[in-house]
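Q: Take this structure, written in structure tokens, and hold onto it; I'll ask about it next.
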Amino acid sequence: MHGRKRIPIGQAADKGKDQTKTNNLKKLLSDFLRNHHERCYSKEALKQNAQLLELNPEVYTAWNYRKLAVRHLFESEIDEAARKLILDEELQLVERALQSNVKSYGAWHHRKWVIDFGLSSLDHEFMLLKMLLKADCRNFHGWNYRRFCVEMKGMTPEKELEYATEKINENFSNYSAWHYRSKLLSPLIKGKENKEDVLNEEYRLVNQAYFTEPDDQSAWFYNTWLLGETKIESGPHVVGSWPEDGSSISVDAQEGSSFVAVNFRTPLDSEHRFESRTLTLVIYFNEEFSDVAATIRSKPELPHLSEVQWRSVSGTEAPSRAWLADIPVQSFAETEYTFFVEVSSPKECQNTPISFKLKYTKRGTSEVSRDQNSRSECYSWPSKKSSSDESQVGMRLELERLTVDPSSAEPGSIKQDPTRYLRRDNWQETVLEEQVDILRELLELEENSKWTLLTLARVLAAHGASRYTDEVLKLYKRLPDIDPDHADYYKAQYSILYVDKITRSPDILQKLWWDVEDRLSAGWLRWNGLSLSDFRSVERLLWVQRLDLSHNQLRTVDGLEAMQLLVALDVSHNKLPNITSLASLRLIPSLQYLNISQNEIGDHQVDATRYSFPSVLTNQMCFSSLSKGNVNAERSWELQAVFGGMNLKVLDIAGNSVASDEIFRETIVRALPQLELLDGEQVKR
Amino acid sequence: MSVEKMTTFQLEKHVDYIKSLDKKADFDSVVMEHLRMSGAYWGLTAMDMMHSLDDMDGDEIAAWILKCQHDCGGFGGNLGHDPHILYTLNAVQILALFDKLDVADADKIANYISGLQKDDGSFAGDEWGEIDTRFTYAAVNCLSILKRMHTINVQKATDFLVRCRNFDGGFGCTPGGESHAGQIFCCVAALAIMGALHHVDKDLLGWWLCERQVKAGGLNGRPEKLPDVCYSWWVLSSLVILDRAHWINKEKLKDFILNCQDQDRGGISDAPDDAVDVFHTFFGVAGLSLLEYPGIKSIDPAYALPVHVVDRIFFRQKC
């Protein structure tokens with residue numbers, strides 16, 4: 001029931017009148033059902049059925065009955081004019097039914113079914129639609145029906161565009177008409193010539209709308225779409241790789257061991273080393289692709305390289321930005337190789353080959369010390385030795401004052417100006433600058449208009465120039481005060497842009513670097529206490545082995561899976577709500593040390609990341625693969641799905657309400673066969 | 001009405017209200033006679049979320065459900081009514097609630113549903129050919145519960161939903177149809193169940209969905225429309241599947257739903273002080289469940305069944 005007032009207690013409805021109405025409807029219903037089951041299509045039966053549908057057009061079976069009746073009547077009537085009369089009756093009934101409920105799916109479908117015979121006048125339908133959409137300009141049944149009639153009549157999109165314009169000019173708040181425009185225009189703006197003319201016209205219309213009704217959402221949403229179509233974009237290109245372009249690495253193999261030691265120099269100019277069974281190359285694109293092919297060549301030539309397959313980091317068919325390939329180390333000879341990786345699909349990929357040097361050395365057993373007997377109990381988390389709060393705040397303020405020099409090199413990736421691949425042209429620049437001017441003008445009229453501020457932030461960001469970064473950050477910082485209900489949305493946008501900014505500058509990254517003297521050569525990239533709620537930009541961090549994200553506001557670690565060298569991750573003191581929010585970490589085989597303590601795991605009954613990875617629930621996995629040896633799958637399938645197959649040695653989960661659950665701890669230990677330390681205590685098996 | 005009373009959830013009253021529905025013979029119940037199957041699904045799922053499913057007679061209900069099944073395998077909305085995909089889903093959902101899925105012939109139901117898939121991947125609601133993304137959701141949810149997804153062309157079903165995607169990231173009834181929170185739920189949940197959520201622009205759609213919250217706290221289904229309790233489910237479940245539910249003000253939404261309760265007679269209405277019905281009672285309780293209101297069992301945002309039921313379906317050990 002919609003929009004019907006509650007009857008106050010004690011004020012009974014008119015029982016007598018109500019009873020008559022109820023009895024009448026009941027009788028119509030049972031008579032109709034009897035006729036339906038007896039296949040009785042007499043005049044009288046049809047009349048009763050019509051009465052029922054006029055009162056309650058939602059009785060779907062009653063419409064089905066009418067369709068059977070029409071078929072039945074058509075059997076004895078082959079004359080087209082007579083058949084048309086039968087159909088006319090149906091159309092008239094639908095009109096009466098819609099008068100009692102204009103949102104009746106059954107009534108609308110019946111009309112389409114009747115019109116599909118092709119015997120009725122479409123002009124009449126357009127006339128009715130005109131009246132209906134005048135009375136209720138947002139009725140989506142009406143709009144859907146209009147599209148149906150337009151298709152039947154073979155009308156041109158241009159003609160319909162005129163109609164959409166007419167409806168918008170009547171009322172700028174007609175979101176349905178804006179939507180219709182987007183549908184009609186999408187095919188027209190594929191070609192560049194048309195696109196500019198069409199979009200210029202659309203901007204004119206939309207600008208008019210928000211000057212007329214600045215608080216109405218319709219035009220602002222439409223503007224966001226226009227912006228996406230205008231955005232200065234770049235073609236597909238590689239934005240990050242490991243090893244990075246132009247770098248050198250050395251690989252030491254040990255006789256009798258399947259492990260190799262890999263040494264490389266980071267963009268921050270420190271020496272890093274890790275041990276692995278494979279040498280996995282990572283390339284990271286500026287956009288997602290569902291299929292990537294790249295050839296790997298080497299000088300001197302190596303066998304089997306042509307057989308190397310690329311796979312997306314997720315391991316599923318879903319499109320991905322990060323792609324991996326394993327180099328067959330076993331076939332190396334003791335020499336220096338130069339590798340070239342060239343992307344062949346997507347074809348338009350601009351900036352390959354990526355080349356790097358690899359020096360291969362084979363050593364005797366005694367020369368290399370393996371990590372195998374590492375003393376994981378000595379391991380300590382950066383969050384535990386946290387610098388004092390005061391200095392963290394100081395650091396944060398200092399970071400905010402820093403502006404990024406756009407000419408500085410991108411760390412951890414192909415050294416280049418990040419804006420190099422943007423396909424700028426005059427038209428886009430002009431349009432975006434015009435929009436900026438218009439929005440600033442609007443702000444002068446109303447300085448706290450959230451829609452204007454948000455759109456300005458997006459237009460500036462679409463421009464792609466780093467000189468606007470700080471202004472956009474300021475806008476996103478201001479928006480939560482103006483529109484607190486959506487604060488977390490603005491904070492996420494701020495956070496994403498902020499990480500983008502700090503990862504662009506080696507100077508800033510250097511400030512966030514924490515060298516530690518321990519058996520792992522790598523230091524920590526420390527992003528603790530930065531109020532991060534979301535981040536992207538992992539393409540510049542593919543070399544990072546230890547990452548400290550503690551004391552932020554993260555709810556997920558999605559995206560980190562591209563960091564295939566990651567050994568240690570500290571995400572303690574965040575807002576991780578469930579085990580499934582860690583699902584992407586299962587894709588990082590190198591990860592051994594994980595700190596998820598002091599999060600909210602176990603506090604939430606709603607699991608919002610349940611559908612973010614392949615599982616039985618998403619029909620991407622069989623039950624049997626999960627159930628093996630798991631006595632309590634109903635309660636702990638997530639643990640098995642996320643941790644099963646991970647190589648963790650050290651895990652800290654204290655400070656989550658789930659951490660005290662013994663079954664939880666036991667399941668974790670079972671899922672992680674290599675786990676040595678759980679919350680600092682030796683695991684007993 | 002005291003302020004305190006306004007802000008608490010009247011669990012017992014809602015339970016009594018739902019229990020009373022079956023015996024009612026007023027005008028409204030006759031109007032809803034043809035969709036009794038849906039009414040039962042709404043009421044019973046709400047009862048389970050309110051820890052009161054045991055008050056209902058599962059055997060009797062299952063027997064009635066089977067009587068609504070037709071030879072083709074599909075279920076009607078009530079005795080004597082024609083089979084339809086929507087009521088077939090509801091029938092299977094109710095059987096799942098009572099852990100009685102084995103009383104139905106899964107292959108027969110799957111045969112009915114797969115027979116409704118069209119060449120373009122879409123689904124008709126029944127033999128009369130109405131096409132709508134709601135029916136794709138019903139097909140996919142039902143077949144997944146029955147573990148019969150292989151009986152349809154999942155790739156084509158996905159492709160059809162993608163064709164219904166719009167400039168704002170939302171989805172409509174058919175290709176070209178305007179985005180609407182109800183259809184968005186159907187498409188997002190169906191894509192989730194098919195493991196194809198990557199077709200959704202989470203940030204764009206998440207933002208559109210969070211902008212459904214109006215100043216008063218309630219959610220609407222499309223821009224510039226009035227809030228309604230049913231969108232507490234359609235919008236919020238979509239936001240949860242996309243992991244963007246924190247982009248709205250949950251406190252305000254909770255207050256809006258609580259203010260739509262009939263404090264005296266139980267039940268929840270579309271807007272404050274309107275007449276209650278079982279549909280809005282379910283969506284109100286489900287919304288509160290997604291807001292983690294204490295004392296209400298958790299509901300799965302995609303399968304629209306309590307989480308413990310979904311986990312039982314998919315993860316129970318077979319002896």
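Here, A, B, ... name the chains of the structure tokens in the order displayed, residue numbers run from 1 inside each chain, and ligands are numbered from 1 in the same displayed order.
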Using only C-alpha atoms, determine which residues of chain B fall within 7 Å of chain A; present them as a CSV table (one decimal) with N, CA, C and O atoms, in the first residue's frame.

A:
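Just written: out-v5.csv:
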```csv
chain,number,residue,atom,x,y,z
B,26,ASP,N,-10.1,-9.1,5.0
B,26,ASP,CA,-10.6,-7.8,4.7
B,26,ASP,C,-10.3,-7.5,3.2
B,26,ASP,O,-9.8,-8.3,2.5
B,27,PHE,N,-10.7,-6.3,2.8
B,27,PHE,CA,-10.5,-5.9,1.4
B,27,PHE,C,-9.1,-6.0,0.9
B,27,PHE,O,-8.8,-6.6,-0.1
B,30,VAL,N,-8.0,-9.5,0.1
B,30,VAL,CA,-8.5,-10.0,-1.1
B,30,VAL,C,-7.8,-9.4,-2.3
B,30,VAL,O,-7.5,-10.1,-3.3
B,31,VAL,N,-7.4,-8.1,-2.2
B,31,VAL,CA,-6.6,-7.5,-3.2
B,31,VAL,C,-5.3,-8.2,-3.4
B,31,VAL,O,-4.8,-8.3,-4.5
B,34,HIS,N,-3.8,-12.8,-5.0
B,34,HIS,CA,-3.1,-13.5,-6.1
B,34,HIS,C,-1.6,-13.5,-5.9
B,34,HIS,O,-0.9,-14.2,-6.6
B,80,GLY,N,-4.8,-22.0,-7.7
B,80,GLY,CA,-5.7,-21.6,-8.8
B,80,GLY,C,-5.0,-20.5,-9.7
B,80,GLY,O,-5.6,-20.3,-10.8
B,81,HIS,N,-3.9,-19.9,-9.3
B,81,HIS,CA,-3.3,-18.9,-10.2
B,81,HIS,C,-2.2,-19.5,-11.0
B,81,HIS,O,-1.7,-20.5,-10.7
B,82,ASP,N,-2.0,-18.8,-12.1
B,82,ASP,CA,-1.0,-19.3,-13.1
B,82,ASP,C,0.4,-19.3,-12.6
B,82,ASP,O,0.8,-18.5,-11.7
B,130,GLU,N,6.5,-11.4,-20.9
B,130,GLU,CA,7.0,-10.1,-20.4
B,130,GLU,C,8.5,-10.2,-20.0
B,130,GLU,O,8.8,-11.2,-19.3
B,167,PHE,N,23.6,5.5,-18.0
B,167,PHE,CA,24.7,6.6,-17.9
B,167,PHE,C,25.0,6.9,-16.4
B,167,PHE,O,26.1,7.3,-16.2
B,168,ASP,N,24.1,6.6,-15.5
B,168,ASP,CA,24.4,6.9,-14.1
B,168,ASP,C,24.9,5.7,-13.4
B,168,ASP,O,25.0,5.7,-12.1
B,176,GLY,N,17.5,0.4,-22.2
B,176,GLY,CA,16.9,1.7,-22.4
B,176,GLY,C,16.1,2.2,-21.3
B,176,GLY,O,15.8,3.4,-21.2
B,177,GLY,N,15.7,1.3,-20.3
B,177,GLY,CA,14.8,1.7,-19.2
B,177,GLY,C,15.6,2.5,-18.2
B,177,GLY,O,16.8,2.3,-18.0
B,178,GLU,N,14.9,3.5,-17.5
B,178,GLU,CA,15.6,4.3,-16.6
B,178,GLU,C,16.0,3.6,-15.3
B,178,GLU,O,15.4,2.6,-14.9
B,192,ALA,N,26.0,-10.4,-8.7
B,192,ALA,CA,26.8,-10.9,-7.6
B,192,ALA,C,26.7,-12.5,-7.5
B,192,ALA,O,27.7,-13.2,-7.4
B,193,ILE,N,25.5,-13.0,-7.7
B,193,ILE,CA,25.3,-14.4,-7.7
B,193,ILE,C,25.9,-15.1,-8.8
B,193,ILE,O,26.4,-16.3,-8.7
B,194,MET,N,26.1,-14.4,-10.0
B,194,MET,CA,26.7,-15.0,-11.1
B,194,MET,C,28.3,-14.7,-11.1
B,194,MET,O,28.9,-15.0,-12.1
B,195,GLY,N,28.8,-14.1,-10.1
B,195,GLY,CA,30.2,-13.8,-10.0
B,195,GLY,C,30.6,-12.8,-11.1
B,195,GLY,O,31.7,-12.9,-11.6
B,198,HIS,N,32.0,-7.3,-11.5
B,198,HIS,CA,33.0,-6.4,-12.2
B,198,HIS,C,32.3,-5.6,-13.3
B,198,HIS,O,32.9,-4.6,-13.8
B,223,PRO,N,16.0,9.8,-8.5
B,223,PRO,CA,16.2,11.2,-8.1
B,223,PRO,C,14.9,12.0,-8.0
B,223,PRO,O,14.0,11.8,-8.8
B,224,GLU,N,14.9,12.9,-7.0
B,224,GLU,CA,13.7,13.8,-6.9
B,224,GLU,C,12.4,13.1,-6.6
B,224,GLU,O,11.4,13.5,-7.1
B,240,VAL,N,25.2,-2.5,0.2
B,240,VAL,CA,26.0,-3.5,0.9
B,240,VAL,C,26.8,-4.4,0.0
B,240,VAL,O,28.0,-4.7,0.2
B,241,ILE,N,26.1,-4.9,-1.1
B,241,ILE,CA,26.8,-5.8,-2.0
B,241,ILE,C,28.0,-5.0,-2.6
B,241,ILE,O,29.0,-5.6,-2.9
B,243,ASP,N,29.7,-2.8,-1.1
B,243,ASP,CA,30.5,-2.3,0.0
B,243,ASP,C,30.6,-0.8,0.1
B,243,ASP,O,31.7,-0.2,0.3
B,246,HIS,N,28.5,2.6,3.9
B,246,HIS,CA,28.9,3.6,4.8
B,246,HIS,C,28.8,5.0,4.2
B,246,HIS,O,29.1,6.0,4.8
B,247,TRP,N,28.5,5.1,2.9
B,247,TRP,CA,28.3,6.4,2.3
B,247,TRP,C,27.0,7.1,2.6
B,247,TRP,O,26.8,8.2,2.1
B,248,ILE,N,26.1,6.4,3.3
B,248,ILE,CA,24.9,7.1,3.8
B,248,ILE,C,24.9,7.3,5.3
B,248,ILE,O,25.8,6.8,6.0
B,249,ASN,N,24.0,8.1,5.8
B,249,ASN,CA,23.9,8.3,7.2
B,249,ASN,C,22.9,7.2,7.8
B,249,ASN,O,21.7,7.3,7.6
B,270,ASP,N,4.9,2.5,4.4
B,270,ASP,CA,5.9,3.1,3.4
B,270,ASP,C,6.5,4.4,3.9
B,270,ASP,O,7.6,4.7,3.7
B,273,ASP,N,3.0,7.4,9.5
B,273,ASP,CA,1.6,7.5,9.6
B,273,ASP,C,0.7,7.0,8.5
B,273,ASP,O,-0.5,7.2,8.4
B,274,ASP,N,1.4,6.2,7.5
B,274,ASP,CA,0.6,5.6,6.5
B,274,ASP,C,0.1,4.2,7.0
B,274,ASP,O,0.6,3.7,8.0
B,275,ALA,N,-0.8,3.6,6.2
B,275,ALA,CA,-1.3,2.3,6.6
B,275,ALA,C,-0.2,1.2,6.4
B,275,ALA,O,0.6,1.3,5.4
B,277,ASP,N,1.6,-2.6,5.8
B,277,ASP,CA,1.3,-3.8,5.1
B,277,ASP,C,2.5,-4.7,5.2
B,277,ASP,O,3.6,-4.3,5.7
B,290,LEU,N,20.1,-4.9,7.9
B,290,LEU,CA,21.3,-4.4,7.2
B,290,LEU,C,22.0,-3.2,7.9
B,290,LEU,O,23.1,-2.9,7.7
B,292,GLU,N,22.3,-3.4,11.1
B,292,GLU,CA,22.8,-4.1,12.3
B,292,GLU,C,22.0,-3.7,13.5
B,292,GLU,O,22.6,-3.5,14.6
B,298,SER,N,20.6,-11.3,10.8
B,298,SER,CA,21.3,-10.7,9.6
B,298,SER,C,20.6,-11.3,8.3
B,298,SER,O,20.4,-12.5,8.3
B,311,ASP,N,23.8,-19.7,4.4
B,311,ASP,CA,25.0,-20.5,4.8
B,311,ASP,C,24.7,-22.0,4.9
B,311,ASP,O,25.4,-22.9,4.5
B,312,ARG,N,23.4,-22.3,5.4
B,312,ARG,CA,23.0,-23.6,5.5
B,312,ARG,C,22.9,-24.3,4.1
B,312,ARG,O,23.3,-25.4,3.8
B,314,PHE,N,24.4,-23.4,1.3
B,314,PHE,CA,25.7,-23.6,0.5
B,314,PHE,C,26.8,-24.3,1.3
B,314,PHE,O,27.7,-24.8,0.6
B,315,PHE,N,26.8,-24.3,2.6
B,315,PHE,CA,27.9,-24.8,3.3
B,315,PHE,C,27.7,-25.9,4.3
B,315,PHE,O,28.6,-26.3,5.0
B,316,ARG,N,26.4,-26.4,4.3
B,316,ARG,CA,26.2,-27.5,5.3
B,316,ARG,C,26.8,-28.7,4.8
B,316,ARG,O,26.8,-29.1,3.6
```

Q: Just list as a list in words whatever in segment 558-633 of chain A DSSP marks as helix (DSSP H, G or I).

A: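 In segment 558-633 of chain A, DSSP puts these residues in helix (DSSP H, G or I): Leu560, Glu561, Ala562, Ile579, Thr580, Ser581, Leu582, Ala583, Ser584, Leu585, Arg586, Leu587, Ser624, Ser625, Leu626, Ser627 and Ala633 of chain A.
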
Q: Excluding same-chain residues fewer than 6 positions from segment 37-42 of chain B, what lies within 7 Å of it counting only C-alpha atoms, as a list in words?

A: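 Listed by chain and then number, they are Gly77, Asn78, Tyr87, Asn90, Ala91, Ile94, Val278, Phe279 and Phe282 of chain B.
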
Q: Which neighbours of Asp105 of chain B fall inside 12 Å, counting only C-alpha atoms, when residues of the same chain fewer than 3 positions from it are skipped, and could you give them as a list in words?

A: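 My list of contacting residues is Leu66, Gln69, His70, Asp71, Cys72, Gly73, Gly74, Val92, Leu95, Lys100, Leu101, Asp102, Lys108, Ile109, Ala110, Asn111, Tyr112, Leu146 and Arg148 of chain B.
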
Q: So the first atom is atom CA of Val198 of chain A and the second is atom CA of Trp208 of chain B; what is the distance between them in Å, to one decimal place?

A: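 For atom CA of Val198 of chain A relative to atom CA of Trp208 of chain B, the distance reads 24.6 Å.
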
Q: Find, counting only C-alpha atoms, the residue in B:Gly221, B:Gly115, B:Gly287, B:Gly125 that gets nearest to Ser179 of chain B.

A: B:Gly221

Q: Name the closest residue to Ile268 of chain B among the candidates B:Val285, B:Leu219, B:Ile184, B:Leu253; distances are taken between atoms, counting only C-alpha atoms.

A: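 Between B:Val285, B:Leu219, B:Ile184, B:Leu253, the residue approaching Ile268 of chain B most closely is B:Val285.
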